[in-house]
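So the structure is just underneath, and the comments pick up after that.
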Amino acid sequence: MMQFECKECDKSFDTQRGLHMHIKKHDMLLGDYYVKNYPRFDKLTKNPIEFKNAKQYFSRDFNTTRTMNLWFEKAPRDEVKKYILEKFKKRIENKHLKHAPSSLYLKTGDWPTLDVIKKLFGGYNAFCGQIGVTPAYGDNICKEFFEDYSDQEVWIDTRENKPLGFEKSYVIKLDFGDYTLPPKNYTHTHAERKSFQDFAATVTNGYARFVREIERCKSLGCFLFIVVEDNYNNIYKTNSAAYKKFNMGFVFSRMRSIEAQFSDCCQFVFSGSREDSEELIPKILCCGKKLWKVDLQYFWEKELEKNGLDRRKPETLQEVQGNKPRSTFQRRLHRRRRS
Ligand SMILES: [Zn+2]
C-alpha cells in the first residue's frame with residue numbers, strides 16, 4: 001500500500017488526506033509544505049511552480065502556457081521532443097484516453113498545440129505513431145470541402161429558434177441537431193448550432209441531457225457537429241463581457257470529457273460567427289462522412305486566418321459606412337478607418 005510520509009517529522013499516513021490534515025500541526029500551509037519539501041521550478045523562467053493543489057503542483061512544469069510555448073521555441077529541439085513525447089504518453093495514460101486528442105482539446109487543456117507538434121514531428125499522425133495511439137480525428141481535409149454548397153437545400157429543426165439563412169431550406173422536426181440534408185442527399189451528418197452561451201450552458205448544466213442526445217445520435221450511426229458561433233480567440237472576451245459568466249476551465253473540461261467519450265460520433269467546432277456558420281454548415285452536411293475523422297476546428301481556423309482578410313474586407317469605405325458591420329473584424333476595421 002502506498003504511504004504518504006511527512007517530510008517534517010517522518011510520520012507516515014495511509015492517505016494523502018491524512019497527511020494533509022497532519023501538516024496543519026506543523027503550523028504550515030499546504031503550499032508552503034510542498035514548496036519547501038518538493039521544490040519545483042518553471043522549466044523556462046526557473047521561478048517556483050505556483051501551488052494550487054498537490055495534483056496540479058506535481059503535474060505542471062510551467063507556470064503559464066506562455067512560458068511553456070517559449071520553452072518549446074528556445075530549448076534544444078531534441079530535449080523538447082523528448083519532453084513532449086513523455087508528457088503525452090503520461091497524460092493519455094492518466095486520462096485513459098482511447099485516442100490522441102483534437103487540436104481543441106490540446107489548446108483548451110494546456111497541452112502542446114497541434115502546430116507545435118507538426119513542426120517538431122512532421123505531422124500529428126507520425127507523432128501519434130511514436131506514442132502508440134491513433135488520433136481521434138486524424139484524416140486530412142477533403143478537397144470537396146472547398147466547393148461551394150450555398151445552393152444546397154438544408155433541413156432545419158422546428159425547435160431551432162434562430163435559424164441561419166440558407167438559399168433553400170425547409171423546416172421539419174429532426175431527431176437531433178438543428179440542421180441536416182433532405183433524404184435524397186442525406187449523409188448521416190447533423191449540425192447543432194450554438195451561441196457561445198448556449199454551448200457553455202449545454203456542456204455544464206445540460207451535460208447529462210446533452211450526453212443522451214449524443215448517444216441517440218451514435219445509436220443511429222450518425223455524427224453530430226456542434227458548431228459554436230464565435231471565434232475561439234474571442235470567447236474569453238465574450239465570456240467576461242457577458243452578464244452570466246461561465247467558469248471557462250470547467251466548460252472546457254466538460255467539452256474535453258465529451259470528446260474523450262464520443263469522438264467517434266461528434267466533434268466541436270468554433271465557426272467564427274453566424275455568417276461563417278452559414279458557410280460552414282452546408283459544407284459539413286454535404287461532405288458528411290469525409291469529415292467525421294477530420295479535425296475540423298484545426299482546418300477551419302486556418303481557413304479563417306487565410307481568407308479572413310479577403311473575405312471580409314469591405315469593397316469601399318462608402319459601403320462600410322452605409323451598412324451595419326456584421327462581424328467583429330469589420331467593426332474593428334470600421335473604427336480604424338474612421339479614426
Ligand atoms: Zn509531520
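If you're wondering about the labels, chains in the C-alpha cells are A, B, ... by order shown, residues count from 1 in each chain, ligands from 1 in order shown.
Taking only range 43-261 of chain A, the residues that DSSP calls strand (DSSP E or B) from the backbone come to Pro48, Ala100, Pro135, Asp139, Glu153, Val154, Trp155, Ile156, Asp157, Lys168, Ser169, Tyr170, Val171, Ile172, Tyr179, Thr180, Thr189, His190, Ala191, Glu192, Arg193, Lys194, Phe223, Leu224, Phe225, Ile226, Val227 and Val228 of chain A.
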Please produce a file of those selected residues containing N, CA and C atoms, as a CSV table (one decimal), in the first residue's frame.
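Written out: again.csv:
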```csv
chain,number,residue,atom,x,y,z
A,48,PRO,N,9.7,29.4,-9.0
A,48,PRO,CA,9.0,28.2,-8.3
A,48,PRO,C,7.6,28.0,-9.0
A,100,ALA,N,-5.5,10.0,-29.4
A,100,ALA,CA,-4.8,11.2,-29.2
A,100,ALA,C,-5.8,12.4,-29.4
A,135,PRO,N,-4.9,9.2,-33.6
A,135,PRO,CA,-5.6,10.5,-33.3
A,135,PRO,C,-7.1,10.3,-33.4
A,139,ASP,N,-7.8,12.3,-40.1
A,139,ASP,CA,-7.9,12.4,-41.6
A,139,ASP,C,-7.5,13.8,-42.0
A,153,GLU,N,-30.1,22.6,-50.5
A,153,GLU,CA,-31.2,22.7,-49.5
A,153,GLU,C,-30.9,22.1,-48.2
A,154,VAL,N,-31.2,22.9,-47.1
A,154,VAL,CA,-30.9,22.4,-45.8
A,154,VAL,C,-32.2,22.3,-45.0
A,155,TRP,N,-32.3,21.2,-44.3
A,155,TRP,CA,-33.5,21.0,-43.4
A,155,TRP,C,-33.2,21.5,-42.0
A,156,ILE,N,-34.1,22.2,-41.5
A,156,ILE,CA,-33.9,22.9,-40.2
A,156,ILE,C,-34.9,22.4,-39.2
A,157,ASP,N,-34.5,22.1,-38.0
A,157,ASP,CA,-35.3,21.6,-37.0
A,157,ASP,C,-36.4,22.6,-36.5
A,168,LYS,N,-31.9,27.8,-49.8
A,168,LYS,CA,-33.1,26.9,-49.8
A,168,LYS,C,-33.1,26.1,-48.5
A,169,SER,N,-34.2,26.2,-47.8
A,169,SER,CA,-34.3,25.5,-46.5
A,169,SER,C,-35.7,25.1,-46.3
A,170,TYR,N,-35.9,24.1,-45.4
A,170,TYR,CA,-37.2,23.5,-45.1
A,170,TYR,C,-37.2,23.2,-43.6
A,171,VAL,N,-38.3,23.6,-43.0
A,171,VAL,CA,-38.4,23.4,-41.5
A,171,VAL,C,-39.2,22.1,-41.2
A,172,ILE,N,-38.6,21.3,-40.4
A,172,ILE,CA,-39.2,20.0,-40.1
A,172,ILE,C,-38.6,19.5,-38.8
A,179,TYR,N,-29.6,21.0,-37.9
A,179,TYR,CA,-29.6,21.1,-39.4
A,179,TYR,C,-29.1,19.7,-39.9
A,180,THR,N,-29.7,19.3,-41.1
A,180,THR,CA,-29.3,18.2,-41.8
A,180,THR,C,-29.7,18.3,-43.3
A,189,THR,N,-25.1,13.0,-41.3
A,189,THR,CA,-24.4,14.0,-40.6
A,189,THR,C,-25.3,15.2,-40.2
A,190,HIS,N,-25.2,15.6,-38.9
A,190,HIS,CA,-26.1,16.6,-38.4
A,190,HIS,C,-25.3,17.7,-37.8
A,191,ALA,N,-25.8,18.9,-37.8
A,191,ALA,CA,-25.1,20.0,-37.2
A,191,ALA,C,-26.0,20.7,-36.1
A,192,GLU,N,-25.4,21.0,-35.0
A,192,GLU,CA,-26.1,21.7,-34.0
A,192,GLU,C,-25.5,23.1,-33.8
A,193,ARG,N,-26.3,24.1,-34.0
A,193,ARG,CA,-25.8,25.5,-33.9
A,193,ARG,C,-25.9,26.0,-32.5
A,194,LYS,N,-24.9,26.6,-31.9
A,194,LYS,CA,-25.0,27.1,-30.6
A,194,LYS,C,-24.2,28.5,-30.5
A,223,PHE,N,-23.5,11.3,-37.0
A,223,PHE,CA,-22.4,12.1,-36.5
A,223,PHE,C,-22.9,13.5,-36.3
A,224,LEU,N,-22.6,14.1,-35.1
A,224,LEU,CA,-23.1,15.5,-34.8
A,224,LEU,C,-21.9,16.4,-34.7
A,225,PHE,N,-22.0,17.5,-35.5
A,225,PHE,CA,-21.0,18.6,-35.4
A,225,PHE,C,-21.7,19.7,-34.5
A,226,ILE,N,-21.0,20.0,-33.4
A,226,ILE,CA,-21.5,21.1,-32.6
A,226,ILE,C,-20.8,22.4,-33.0
A,227,VAL,N,-21.6,23.2,-33.7
A,227,VAL,CA,-21.0,24.4,-34.3
A,227,VAL,C,-21.2,25.6,-33.4
A,228,VAL,N,-20.2,26.1,-32.8
A,228,VAL,CA,-20.3,27.3,-31.8
A,228,VAL,C,-20.0,28.5,-32.6
```
message = So that I can see what lies close to Asp14 in chain A, please list as a list in words the residues with an atom at most 9 Å from it, counting only C-alpha atoms and leaving out residues fewer than 6 positions away in the same chain.
response = Met1, Met2, Gln3, Phe4 and Glu5 of chain A
Restrict the calculation to only C-alpha atoms and all ligand atoms, then for each residue of chain A with any atom at most 7 Å from an atom of ligand 1 give the closest atom pair and their distance in Å to one decimal, rows by chain and rising residue number, as JSON lines.
```
{"residue": "A:Cys6", "atom": "CA", "partner": "ligand 1", "partner_atom_place_in_ligand_line": "1 (Zn)", "distance": 4.6}
{"residue": "A:Lys7", "atom": "CA", "partner": "ligand 1", "partner_atom_place_in_ligand_line": "1 (Zn)", "distance": 6.5}
{"residue": "A:Glu8", "atom": "CA", "partner": "ligand 1", "partner_atom_place_in_ligand_line": "1 (Zn)", "distance": 4.7}
{"residue": "A:Cys9", "atom": "CA", "partner": "ligand 1", "partner_atom_place_in_ligand_line": "1 (Zn)", "distance": 4.0}
{"residue": "A:Asp10", "atom": "CA", "partner": "ligand 1", "partner_atom_place_in_ligand_line": "1 (Zn)", "distance": 6.1}
{"residue": "A:Lys11", "atom": "CA", "partner": "ligand 1", "partner_atom_place_in_ligand_line": "1 (Zn)", "distance": 5.6}
{"residue": "A:His22", "atom": "CA", "partner": "ligand 1", "partner_atom_place_in_ligand_line": "1 (Zn)", "distance": 6.4}
{"residue": "A:Ile23", "atom": "CA", "partner": "ligand 1", "partner_atom_place_in_ligand_line": "1 (Zn)", "distance": 5.9}
{"residue": "A:His26", "atom": "CA", "partner": "ligand 1", "partner_atom_place_in_ligand_line": "1 (Zn)", "distance": 6.5}
```
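You will find CA of Leu44 in chain A at 11.8 Å from CA of Val80 in chain A.
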I'd like the neighbourhood of range 236-249 of chain A as an mmCIF file with N, CA and C atoms, in the first residue's frame, where a residue qualifies if any of its atoms comes within 9 Å (using only C-alpha atoms), though same-chain residues fewer than 4 positions away should be ignored.
```cif
data_model
loop_
_atom_site.group_PDB
_atom_site.id
_atom_site.type_symbol
_atom_site.label_atom_id
_atom_site.label_comp_id
_atom_site.auth_asym_id
_atom_site.auth_seq_id
_atom_site.Cartn_x
_atom_site.Cartn_y
_atom_site.Cartn_z
ATOM 1 N N THR A 108 -7.243 23.823 -25.204
ATOM 2 C CA THR A 108 -8.013 24.198 -24.024
ATOM 3 C C THR A 108 -7.474 23.496 -22.780
ATOM 4 N N GLY A 109 -6.705 22.413 -22.975
ATOM 5 C CA GLY A 109 -6.234 21.645 -21.829
ATOM 6 C C GLY A 109 -4.783 21.917 -21.481
ATOM 7 N N PHE A 196 -22.141 31.000 -28.042
ATOM 8 C CA PHE A 196 -21.181 30.626 -27.015
ATOM 9 C C PHE A 196 -21.877 30.316 -25.688
ATOM 10 N N GLN A 197 -22.859 31.151 -25.336
ATOM 11 C CA GLN A 197 -23.586 30.956 -24.073
ATOM 12 C C GLN A 197 -24.336 29.617 -24.048
ATOM 13 N N ALA A 200 -21.790 26.824 -23.603
ATOM 14 C CA ALA A 200 -21.275 26.730 -22.232
ATOM 15 C C ALA A 200 -22.330 26.130 -21.301
ATOM 16 N N ALA A 201 -23.594 26.532 -21.481
ATOM 17 C CA ALA A 201 -24.659 26.010 -20.616
ATOM 18 C C ALA A 201 -24.906 24.531 -20.901
ATOM 19 N N ASP A 230 -18.819 31.470 -32.621
ATOM 20 C CA ASP A 230 -17.944 32.511 -32.118
ATOM 21 C C ASP A 230 -16.549 32.147 -32.571
ATOM 22 N N TYR A 232 -12.914 31.229 -31.670
ATOM 23 C CA TYR A 232 -12.301 30.668 -30.459
ATOM 24 C C TYR A 232 -11.446 31.716 -29.736
ATOM 25 N N SER A 253 -13.339 21.634 -19.599
ATOM 26 C CA SER A 253 -13.053 20.278 -19.126
ATOM 27 C C SER A 253 -14.237 19.371 -19.453
ATOM 28 N N ARG A 254 -15.462 19.923 -19.396
ATOM 29 C CA ARG A 254 -16.633 19.131 -19.793
ATOM 30 C C ARG A 254 -16.628 18.848 -21.286
#
```
task = Could you give me the residues within range 114-210 of chain A that DSSP places in alpha helix (DSSP H), as a ChimeraX atom specification?
result = /A:114-121,124-131,196-203,207-210
Preceding selection exported with C-alpha atoms as a CSV table (one decimal), in the first residue's frame:
```csv
chain,number,residue,atom,x,y,z
A,114,LEU,CA,-1.1,20.8,-32.8
A,115,ASP,CA,1.1,23.3,-34.7
A,116,VAL,CA,4.0,22.8,-32.3
A,117,ILE,CA,3.7,19.1,-32.7
A,118,LYS,CA,3.5,19.3,-36.5
A,119,LYS,CA,6.6,21.5,-36.6
A,120,LEU,CA,8.6,19.2,-34.4
A,121,PHE,CA,7.5,15.8,-35.6
A,124,TYR,CA,0.3,14.5,-35.9
A,125,ASN,CA,-0.2,11.0,-37.3
A,126,ALA,CA,3.5,10.4,-37.3
A,127,PHE,CA,3.8,11.7,-33.7
A,128,CYS,CA,0.9,9.6,-32.5
A,129,GLY,CA,2.6,6.6,-34.1
A,130,GLN,CA,5.5,7.2,-31.9
A,131,ILE,CA,3.4,7.0,-28.8
A,196,PHE,CA,-21.2,30.6,-27.0
A,197,GLN,CA,-23.6,31.0,-24.1
A,198,ASP,CA,-25.7,28.0,-25.3
A,199,PHE,CA,-22.6,25.9,-25.7
A,200,ALA,CA,-21.3,26.7,-22.2
A,201,ALA,CA,-24.7,26.0,-20.6
A,202,THR,CA,-25.1,22.8,-22.6
A,203,VAL,CA,-21.8,21.2,-21.6
A,207,TYR,CA,-24.3,17.9,-19.6
A,208,ALA,CA,-26.4,14.8,-18.8
A,209,ARG,CA,-29.1,15.7,-21.3
A,210,PHE,CA,-26.6,16.5,-24.0
```
